[in-house]
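Colleague: I'd like to ask some things about the structure below.
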Amino acid sequence: MEKMVRRLAMVAVAVALVMAVALPAGAGAVVEKMKGFYTSALQGNWTSDSQGSEGFQWVYCSQATRIVKPDGSAVEEYQCELTKWIAPPNTPPGMGPDLGPIFYPKSAMRFEDETGAFYFSDFLFLNNNYQICFADTWREQLTPSGEVHFKAYYSAGACDE
């Protein structure tokens with residue numbers, strides 16, 4: 001019985017130490033989620049000299065998460081899939097964007113931009129009166145099945161109005 005009590009005490013101390021180390025890193029962070037929206041993603045035929053919509057196609061994002069850290073920096077992650085844009089109900093025929101056929105790559109493709117110049121936050125755009133805030137850096141992976149995994153990073157103060 002004494003051994004069991006001693007083991008339980010050791011486990012409790014270990015859990016307390018893990019919590020003490022892990023909690024400050026996430027303490028004060030603000031987590032926001034958004035579901036069900038359209039945005040665009042790079043197509044496989046994109047090059048740095050692409051113009052207009054030819055380098056992009058529609059993706060439907062089932063979920064986006066934005067984490068704002070205590071220092072004001074933020075990270076956004078999106079889980080999306082390639083799709084045709086579907087107009088909301090009561091949209092007149094022919095209205096809405098058409099970015100051409102859906103392109104499914106033969107193998108997984110990765111895009112990365114260290115300057116952030118090509119991506120602004122859909123999260124802030126759709127939730128903060130169309131605020132445009134460009135990411136410092138971002139990366140996207142497009143799978144052959146049409147899944148799009150996207151992550152963007154924002155420095156502290158980058159999105160202040």
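Numbering starts fresh at 1 for the residues of each chain in the structure tokens, the chains themselves are lettered A, B, ... in the order given, and ligands are numbered from 1 as they appear.
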Determine, counting only C-alpha atoms, which protein, DNA and RNA residues have an atom within 8 Å of an atom of A:Pro70; residues of the same chain fewer than 2 positions away are not included. Present the result as number ranges by chain.
Modeller: A: 27-30, 68, 72-73
Colleague: Contacts of A:Val31 at 12 Å or less, counting only C-alpha atoms, minus same-chain residues fewer than 5 places along, as a ChimeraX atom specification?
Modeller: /A:26,64-70,74-77
Colleague: Store the residues picked out above in a file with N, CA and C atoms, as an mmCIF file, in the first residue's frame.
Modeller:
data_model
loop_
_atom_site.group_PDB
_atom_site.id
_atom_site.type_symbol
_atom_site.label_atom_id
_atom_site.label_comp_id
_atom_site.auth_asym_id
_atom_site.auth_seq_id
_atom_site.Cartn_x
_atom_site.Cartn_y
_atom_site.Cartn_z
ATOM 1 N N GLY A 26 1.543 28.547 -23.575
ATOM 2 C CA GLY A 26 0.266 28.815 -24.219
ATOM 3 C C GLY A 26 -0.615 29.763 -23.426
ATOM 4 N N ALA A 64 -10.564 26.817 -40.192
ATOM 5 C CA ALA A 64 -9.366 27.653 -40.048
ATOM 6 C C ALA A 64 -9.208 27.958 -38.564
ATOM 7 N N THR A 65 -7.973 27.998 -38.122
ATOM 8 C CA THR A 65 -7.672 28.332 -36.729
ATOM 9 C C THR A 65 -6.667 29.468 -36.725
ATOM 10 N N ARG A 66 -6.920 30.475 -35.925
ATOM 11 C CA ARG A 66 -5.988 31.602 -35.745
ATOM 12 C C ARG A 66 -5.609 31.656 -34.281
ATOM 13 N N ILE A 67 -4.306 31.592 -34.006
ATOM 14 C CA ILE A 67 -3.797 31.671 -32.641
ATOM 15 C C ILE A 67 -2.987 32.949 -32.526
ATOM 16 N N VAL A 68 -3.442 33.857 -31.661
ATOM 17 C CA VAL A 68 -2.717 35.089 -31.398
ATOM 18 C C VAL A 68 -1.993 34.902 -30.076
ATOM 19 N N LYS A 69 -0.668 34.983 -30.132
ATOM 20 C CA LYS A 69 0.170 34.757 -28.954
ATOM 21 C C LYS A 69 0.220 36.016 -28.083
ATOM 22 N N PRO A 70 0.627 35.885 -26.820
ATOM 23 C CA PRO A 70 0.687 37.045 -25.922
ATOM 24 C C PRO A 70 1.542 38.195 -26.463
ATOM 25 N N ALA A 74 0.956 35.997 -34.581
ATOM 26 C CA ALA A 74 -0.157 35.075 -34.828
ATOM 27 C C ALA A 74 0.236 34.007 -35.839
ATOM 28 N N VAL A 75 -0.469 32.882 -35.753
ATOM 29 C CA VAL A 75 -0.322 31.768 -36.693
ATOM 30 C C VAL A 75 -1.722 31.365 -37.136
ATOM 31 N N GLU A 76 -1.900 31.174 -38.436
ATOM 32 C CA GLU A 76 -3.175 30.687 -38.967
ATOM 33 C C GLU A 76 -2.942 29.364 -39.674
ATOM 34 N N GLU A 77 -3.859 28.424 -39.475
ATOM 35 C CA GLU A 77 -3.802 27.138 -40.168
ATOM 36 C C GLU A 77 -5.155 26.883 -40.813
#
Colleague: Please provide the set of residues having any atom within 7 Å of stretch 146-156 of chain A, restricted to only C-alpha atoms, with same-chain residues fewer than 5 positions apart removed, written as a list in words.
Modeller: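 Returned residues: Asp71, Gly72, Ser73, Ala74, Val75, Glu76, Glu77, Tyr78, Gln79, Cys80, Glu81, Leu82, Tyr104, Ala135, Asp136, Thr137, Trp138, Arg139, Glu140 and Gln141 of chain A.
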Colleague: Kindly export the residues of the current selection with N, CA and C atoms, as a PDB file, in the first residue's frame.
Modeller:
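Wrote it out as selection-v6.pdb, contents follow:
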ATOM      1  N   ASP A  71       2.557  37.896 -27.270  1.00  0.00           N
ATOM      2  CA  ASP A  71       3.407  38.967 -27.815  1.00  0.00           C
ATOM      3  C   ASP A  71       2.769  39.665 -29.013  1.00  0.00           C
ATOM      4  N   GLY A  72       1.577  39.217 -29.442  1.00  0.00           N
ATOM      5  CA  GLY A  72       0.867  39.826 -30.561  1.00  0.00           C
ATOM      6  C   GLY A  72       1.105  39.147 -31.896  1.00  0.00           C
ATOM      7  N   SER A  73       2.066  38.238 -31.974  1.00  0.00           N
ATOM      8  CA  SER A  73       2.272  37.494 -33.215  1.00  0.00           C
ATOM      9  C   SER A  73       1.147  36.472 -33.367  1.00  0.00           C
ATOM     10  N   ALA A  74       0.956  35.997 -34.581  1.00  0.00           N
ATOM     11  CA  ALA A  74      -0.157  35.075 -34.828  1.00  0.00           C
ATOM     12  C   ALA A  74       0.236  34.007 -35.839  1.00  0.00           C
ATOM     13  N   VAL A  75      -0.469  32.882 -35.753  1.00  0.00           N
ATOM     14  CA  VAL A  75      -0.322  31.768 -36.693  1.00  0.00           C
ATOM     15  C   VAL A  75      -1.722  31.365 -37.136  1.00  0.00           C
ATOM     16  N   GLU A  76      -1.900  31.174 -38.436  1.00  0.00           N
ATOM     17  CA  GLU A  76      -3.175  30.687 -38.967  1.00  0.00           C
ATOM     18  C   GLU A  76      -2.942  29.364 -39.674  1.00  0.00           C
ATOM     19  N   GLU A  77      -3.859  28.424 -39.475  1.00  0.00           N
ATOM     20  CA  GLU A  77      -3.802  27.138 -40.168  1.00  0.00           C
ATOM     21  C   GLU A  77      -5.155  26.883 -40.813  1.00  0.00           C
ATOM     22  N   TYR A  78      -5.128  26.419 -42.068  1.00  0.00           N
ATOM     23  CA  TYR A  78      -6.333  26.162 -42.830  1.00  0.00           C
ATOM     24  C   TYR A  78      -6.332  24.719 -43.322  1.00  0.00           C
ATOM     25  N   GLN A  79      -7.489  24.079 -43.275  1.00  0.00           N
ATOM     26  CA  GLN A  79      -7.695  22.752 -43.848  1.00  0.00           C
ATOM     27  C   GLN A  79      -8.739  22.913 -44.943  1.00  0.00           C
ATOM     28  N   CYS A  80      -8.319  22.687 -46.192  1.00  0.00           N
ATOM     29  CA  CYS A  80      -9.191  22.979 -47.327  1.00  0.00           C
ATOM     30  C   CYS A  80      -9.124  21.859 -48.370  1.00  0.00           C
ATOM     31  N   GLU A  81      -9.978  21.977 -49.394  1.00  0.00           N
ATOM     32  CA  GLU A  81      -9.955  21.039 -50.508  1.00  0.00           C
ATOM     33  C   GLU A  81     -10.301  21.779 -51.790  1.00  0.00           C
ATOM     34  N   LEU A  82      -9.709  21.329 -52.893  1.00  0.00           N
ATOM     35  CA  LEU A  82      -9.995  21.928 -54.193  1.00  0.00           C
ATOM     36  C   LEU A  82     -11.464  21.713 -54.531  1.00  0.00           C
ATOM     37  N   TYR A 104      -5.589  18.888 -60.339  1.00  0.00           N
ATOM     38  CA  TYR A 104      -5.117  17.942 -59.326  1.00  0.00           C
ATOM     39  C   TYR A 104      -3.693  17.527 -59.683  1.00  0.00           C
ATOM     40  N   ALA A 135       0.657  38.167 -44.644  1.00  0.00           N
ATOM     41  CA  ALA A 135       1.474  37.295 -43.799  1.00  0.00           C
ATOM     42  C   ALA A 135       2.954  37.633 -43.986  1.00  0.00           C
ATOM     43  N   ASP A 136       3.727  37.404 -42.932  1.00  0.00           N
ATOM     44  CA  ASP A 136       5.181  37.546 -43.056  1.00  0.00           C
ATOM     45  C   ASP A 136       5.731  36.404 -43.900  1.00  0.00           C
ATOM     46  N   THR A 137       5.280  35.196 -43.598  1.00  0.00           N
ATOM     47  CA  THR A 137       5.660  34.016 -44.368  1.00  0.00           C
ATOM     48  C   THR A 137       4.474  33.067 -44.403  1.00  0.00           C
ATOM     49  N   TRP A 138       4.441  32.191 -45.392  1.00  0.00           N
ATOM     50  CA  TRP A 138       3.395  31.176 -45.458  1.00  0.00           C
ATOM     51  C   TRP A 138       3.904  29.980 -46.240  1.00  0.00           C
ATOM     52  N   ARG A 139       3.204  28.867 -46.049  1.00  0.00           N
ATOM     53  CA  ARG A 139       3.498  27.672 -46.849  1.00  0.00           C
ATOM     54  C   ARG A 139       2.197  26.913 -47.085  1.00  0.00           C
ATOM     55  N   GLU A 140       2.157  26.262 -48.225  1.00  0.00           N
ATOM     56  CA  GLU A 140       0.958  25.537 -48.656  1.00  0.00           C
ATOM     57  C   GLU A 140       1.393  24.201 -49.229  1.00  0.00           C
ATOM     58  N   GLN A 141       0.606  23.180 -48.952  1.00  0.00           N
ATOM     59  CA  GLN A 141       0.837  21.881 -49.574  1.00  0.00           C
ATOM     60  C   GLN A 141      -0.459  21.453 -50.242  1.00  0.00           C
TER      61      GLN A 141
END
Colleague: So how far away is atom CA of A:Trp58 from atom CA of A:Ile102, in Å?
Modeller: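 The value is 8.0 Å.
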Colleague: Using only C-alpha atoms, which residues sit within 8 Å of A:Met109 once same-chain residues fewer than 2 positions away are excluded, as a PyMOL selection string?
Modeller: chain A and resi 44+105+107+111+141-143
Colleague: Just N, CA and C atoms for this one: save the residues we selected as a short mmCIF file (atom, residue, chain, number, x, y, z; two decimals), in the first residue's frame.
Modeller:
data_model
loop_
_atom_site.label_atom_id
_atom_site.label_comp_id
_atom_site.auth_asym_id
_atom_site.auth_seq_id
_atom_site.Cartn_x
_atom_site.Cartn_y
_atom_site.Cartn_z
N GLY A 44 -0.84 24.25 -59.68
CA GLY A 44 0.46 23.68 -59.97
C GLY A 44 1.19 24.38 -61.10
N PRO A 105 -2.73 17.79 -58.83
CA PRO A 105 -1.34 17.44 -59.17
C PRO A 105 -1.12 15.94 -59.13
N SER A 107 1.62 14.56 -58.03
CA SER A 107 2.28 14.29 -56.75
C SER A 107 2.11 15.52 -55.87
N PHE A 111 4.36 24.94 -51.82
CA PHE A 111 4.66 26.32 -52.17
C PHE A 111 5.03 27.01 -50.86
N GLN A 141 0.61 23.18 -48.95
CA GLN A 141 0.84 21.88 -49.57
C GLN A 141 -0.46 21.45 -50.24
N LEU A 142 -0.34 21.05 -51.50
CA LEU A 142 -1.47 20.59 -52.29
C LEU A 142 -1.23 19.12 -52.59
N THR A 143 -2.17 18.26 -52.18
CA THR A 143 -2.01 16.82 -52.37
C THR A 143 -2.71 16.37 -53.65
#
Colleague: If I take atom CA of A:Ala158 and atom CA of A:Leu126, how far is one from the other in Å, to one decimal?
Modeller: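 Answer for the atom CA of A:Ala158 to atom CA of A:Leu126 separation: 17.2 Å.
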Colleague: Compile the contact shell of A:Cys133 as a PyMOL selection string: residues with an atom at most 6 Å away, counting only C-alpha atoms, same-chain residues fewer than 5 positions apart removed.
Modeller: chain A and resi 120-121+159
Colleague: Deliver the residues from the most recent selection as a file, using C-alpha atoms, as a compact mmCIF listing (two decimals), in the first residue's frame.
Modeller:
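File written: selection-v5.txt
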# COMPACT_ATOMS: atom_id res chain seq x y z
CA PHE A 120 -3.39 38.01 -46.87
CA SER A 121 -5.40 36.66 -43.97
CA CYS A 159 -2.23 43.29 -38.42
Colleague: For atom CA of A:Met95 and atom CA of A:Pro144, determine how far apart the two atoms are, in Å to one decimal place.
Modeller: 29.3 Å
Colleague: When you count only C-alpha atoms, which of these residues is closest to A:Val59: A:Tyr130, A:Phe123, A:Phe118, A:Tyr38?
Modeller: A:Tyr38
